[in-house]
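Participant: Below is the structure I would like to discuss, written out as structure tokens.
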Amino acid sequence: LREECGVSGWTLLQFLGDAVLVPAGAPHQVQSLTGTISVEQRFLSPENAARLRDHSAHPQLRAQLDGMIFSAVREAVGILRGGK
């Protein structure tokens with residue numbers, strides 16, 4: 001992959017209590033050496049949500065993104081009004 005695309009891989013060992021942050025959109029692979037519990041959180045920035053919505057031809061995805069955008073705006077307005 002390095003020769004074809006100029007992409008290098010990283011190997012790391014994660015120990016108890018360690019967290020690994022993988023940037024959005026970065027391909028990654030995980031190999032568990034022991035029993036593991038994985039917690040994942042995905043984040044979609046408002047800018048990317050609006051861009052995805054504008055370029056999506058899938059009505060279901062557009063509806064989900066509309067709901068996310070509406071919730072984010074409602075929360076922001078509540079914070080600006082001094083409540084939550």
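Following the order of the structure tokens, chains are lettered A, B, ..., residues in each are numbered from 1, and ligands are numbered from 1.
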Would you kindly return, as a ChimeraX atom specification, each protein, DNA or RNA residue with an atom no farther than 12 Å from any atom of Thr11 of chain A, considering only C-alpha atoms and excluding same-chain residues fewer than 2 positions away?
Facilitator: /A:8-9,13-14,20,28-31
Participant: So which residues of chain A fall under helix (DSSP H, G or I) by DSSP, listed as a ChimeraX atom specification?
Facilitator: /A:2-5,46-55,59-80
Participant: For those residues, write N, CA, C and O atoms to a file as a tab-separated table (two decimals), in the first residue's frame.
Facilitator:
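Result file is result-v7.tsv:
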chain	number	residue	atom	x	y	z
A	2	ARG	N	2.00	1.16	0.66
A	2	ARG	CA	2.89	2.31	0.71
A	2	ARG	C	3.42	2.64	-0.69
A	2	ARG	O	3.45	3.79	-1.09
A	3	GLU	N	3.80	1.61	-1.43
A	3	GLU	CA	4.36	1.83	-2.76
A	3	GLU	C	3.28	2.29	-3.75
A	3	GLU	O	3.53	3.14	-4.59
A	4	GLU	N	2.09	1.70	-3.65
A	4	GLU	CA	1.02	2.04	-4.59
A	4	GLU	C	0.38	3.39	-4.32
A	4	GLU	O	0.09	4.15	-5.24
A	5	CYS	N	0.14	3.69	-3.04
A	5	CYS	CA	-0.65	4.89	-2.70
A	5	CYS	C	0.06	5.86	-1.78
A	5	CYS	O	-0.49	6.91	-1.43
A	46	PRO	N	-21.63	19.73	12.18
A	46	PRO	CA	-22.75	20.38	11.49
A	46	PRO	C	-22.44	20.70	10.03
A	46	PRO	O	-23.31	20.56	9.17
A	47	GLU	N	-21.20	21.08	9.75
A	47	GLU	CA	-20.83	21.40	8.37
A	47	GLU	C	-20.95	20.17	7.47
A	47	GLU	O	-21.47	20.25	6.36
A	48	ASN	N	-20.47	19.03	7.97
A	48	ASN	CA	-20.55	17.82	7.17
A	48	ASN	C	-21.97	17.30	7.07
A	48	ASN	O	-22.36	16.74	6.04
A	49	ALA	N	-22.78	17.48	8.11
A	49	ALA	CA	-24.17	17.04	8.06
A	49	ALA	C	-24.91	17.80	6.96
A	49	ALA	O	-25.65	17.22	6.16
A	50	ALA	N	-24.72	19.11	6.91
A	50	ALA	CA	-25.39	19.92	5.90
A	50	ALA	C	-24.91	19.55	4.49
A	50	ALA	O	-25.70	19.44	3.56
A	51	ARG	N	-23.61	19.31	4.35
A	51	ARG	CA	-23.06	18.94	3.04
A	51	ARG	C	-23.59	17.58	2.59
A	51	ARG	O	-24.01	17.41	1.45
A	52	LEU	N	-23.62	16.62	3.51
A	52	LEU	CA	-24.15	15.30	3.18
A	52	LEU	C	-25.62	15.38	2.78
A	52	LEU	O	-26.06	14.75	1.84
A	53	ARG	N	-26.38	16.19	3.53
A	53	ARG	CA	-27.80	16.32	3.23
A	53	ARG	C	-28.01	16.92	1.85
A	53	ARG	O	-28.85	16.46	1.08
A	54	ASP	N	-27.25	17.94	1.52
A	54	ASP	CA	-27.42	18.61	0.23
A	54	ASP	C	-27.06	17.71	-0.95
A	54	ASP	O	-27.58	17.89	-2.04
A	55	HIS	N	-26.18	16.74	-0.74
A	55	HIS	CA	-25.72	15.90	-1.84
A	55	HIS	C	-26.27	14.48	-1.80
A	55	HIS	O	-25.86	13.63	-2.57
A	59	PRO	N	-33.78	9.54	0.40
A	59	PRO	CA	-34.73	10.25	1.27
A	59	PRO	C	-34.59	9.87	2.75
A	59	PRO	O	-34.72	10.73	3.62
A	60	GLN	N	-34.29	8.61	3.04
A	60	GLN	CA	-34.16	8.19	4.43
A	60	GLN	C	-32.96	8.86	5.10
A	60	GLN	O	-33.04	9.32	6.24
A	61	LEU	N	-31.83	8.93	4.40
A	61	LEU	CA	-30.66	9.59	4.94
A	61	LEU	C	-30.92	11.08	5.13
A	61	LEU	O	-30.56	11.66	6.15
A	62	ARG	N	-31.58	11.69	4.16
A	62	ARG	CA	-31.90	13.11	4.28
A	62	ARG	C	-32.78	13.37	5.50
A	62	ARG	O	-32.57	14.33	6.23
A	63	ALA	N	-33.75	12.50	5.75
A	63	ALA	CA	-34.63	12.66	6.90
A	63	ALA	C	-33.85	12.52	8.21
A	63	ALA	O	-34.07	13.30	9.16
A	64	GLN	N	-32.93	11.56	8.29
A	64	GLN	CA	-32.11	11.40	9.48
A	64	GLN	C	-31.24	12.64	9.71
A	64	GLN	O	-31.11	13.12	10.84
A	65	LEU	N	-30.63	13.12	8.64
A	65	LEU	CA	-29.78	14.31	8.77
A	65	LEU	C	-30.60	15.53	9.16
A	65	LEU	O	-30.16	16.35	9.98
A	66	ASP	N	-31.81	15.67	8.61
A	66	ASP	CA	-32.68	16.78	8.98
A	66	ASP	C	-32.97	16.73	10.48
A	66	ASP	O	-32.96	17.76	11.17
A	67	GLY	N	-33.23	15.53	10.99
A	67	GLY	CA	-33.50	15.39	12.42
A	67	GLY	C	-32.30	15.76	13.26
A	67	GLY	O	-32.42	16.42	14.30
A	68	MET	N	-31.11	15.36	12.83
A	68	MET	CA	-29.89	15.70	13.57
A	68	MET	C	-29.65	17.21	13.54
A	68	MET	O	-29.29	17.80	14.56
A	69	ILE	N	-29.83	17.82	12.38
A	69	ILE	CA	-29.62	19.27	12.27
A	69	ILE	C	-30.63	20.01	13.12
A	69	ILE	O	-30.29	20.95	13.85
A	70	PHE	N	-31.91	19.58	13.08
A	70	PHE	CA	-32.95	20.23	13.88
A	70	PHE	C	-32.62	20.14	15.37
A	70	PHE	O	-32.72	21.12	16.11
A	71	SER	N	-32.21	18.96	15.84
A	71	SER	CA	-31.87	18.78	17.25
A	71	SER	C	-30.70	19.66	17.67
A	71	SER	O	-30.71	20.26	18.75
A	72	ALA	N	-29.69	19.76	16.81
A	72	ALA	CA	-28.53	20.59	17.13
A	72	ALA	C	-28.91	22.06	17.20
A	72	ALA	O	-28.48	22.78	18.11
A	73	VAL	N	-29.74	22.52	16.28
A	73	VAL	CA	-30.17	23.93	16.28
A	73	VAL	C	-31.03	24.19	17.51
A	73	VAL	O	-30.88	25.22	18.19
A	74	ARG	N	-31.94	23.27	17.84
A	74	ARG	CA	-32.81	23.46	19.01
A	74	ARG	C	-31.97	23.55	20.28
A	74	ARG	O	-32.21	24.40	21.14
A	75	GLU	N	-30.96	22.69	20.41
A	75	GLU	CA	-30.09	22.74	21.59
A	75	GLU	C	-29.31	24.04	21.64
A	75	GLU	O	-29.19	24.66	22.71
A	76	ALA	N	-28.79	24.49	20.51
A	76	ALA	CA	-28.03	25.75	20.47
A	76	ALA	C	-28.91	26.93	20.85
A	76	ALA	O	-28.49	27.81	21.63
A	77	VAL	N	-30.13	26.98	20.34
A	77	VAL	CA	-31.05	28.08	20.67
A	77	VAL	C	-31.38	28.03	22.16
A	77	VAL	O	-31.42	29.08	22.83
A	78	GLY	N	-31.58	26.85	22.73
A	78	GLY	CA	-31.84	26.74	24.16
A	78	GLY	C	-30.70	27.26	24.99
A	78	GLY	O	-30.92	27.95	25.99
A	79	ILE	N	-29.47	26.97	24.59
A	79	ILE	CA	-28.29	27.45	25.31
A	79	ILE	C	-28.21	28.97	25.21
A	79	ILE	O	-27.94	29.67	26.19
A	80	LEU	N	-28.46	29.51	24.02
A	80	LEU	CA	-28.41	30.96	23.84
A	80	LEU	C	-29.48	31.67	24.65
A	80	LEU	O	-29.29	32.80	25.11
Participant: In Å to one decimal, how far is atom CA of His58 of chain A from atom CA of Ser45 of chain A?
Facilitator: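 Atom CA of His58 of chain A lies at a distance of 19.5 Å from atom CA of Ser45 of chain A.
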Participant: What is the distance between atom CA of Asp18 of chain A and atom CA of Glu40 of chain A, in Å to one decimal?
Facilitator: 13.7 Å
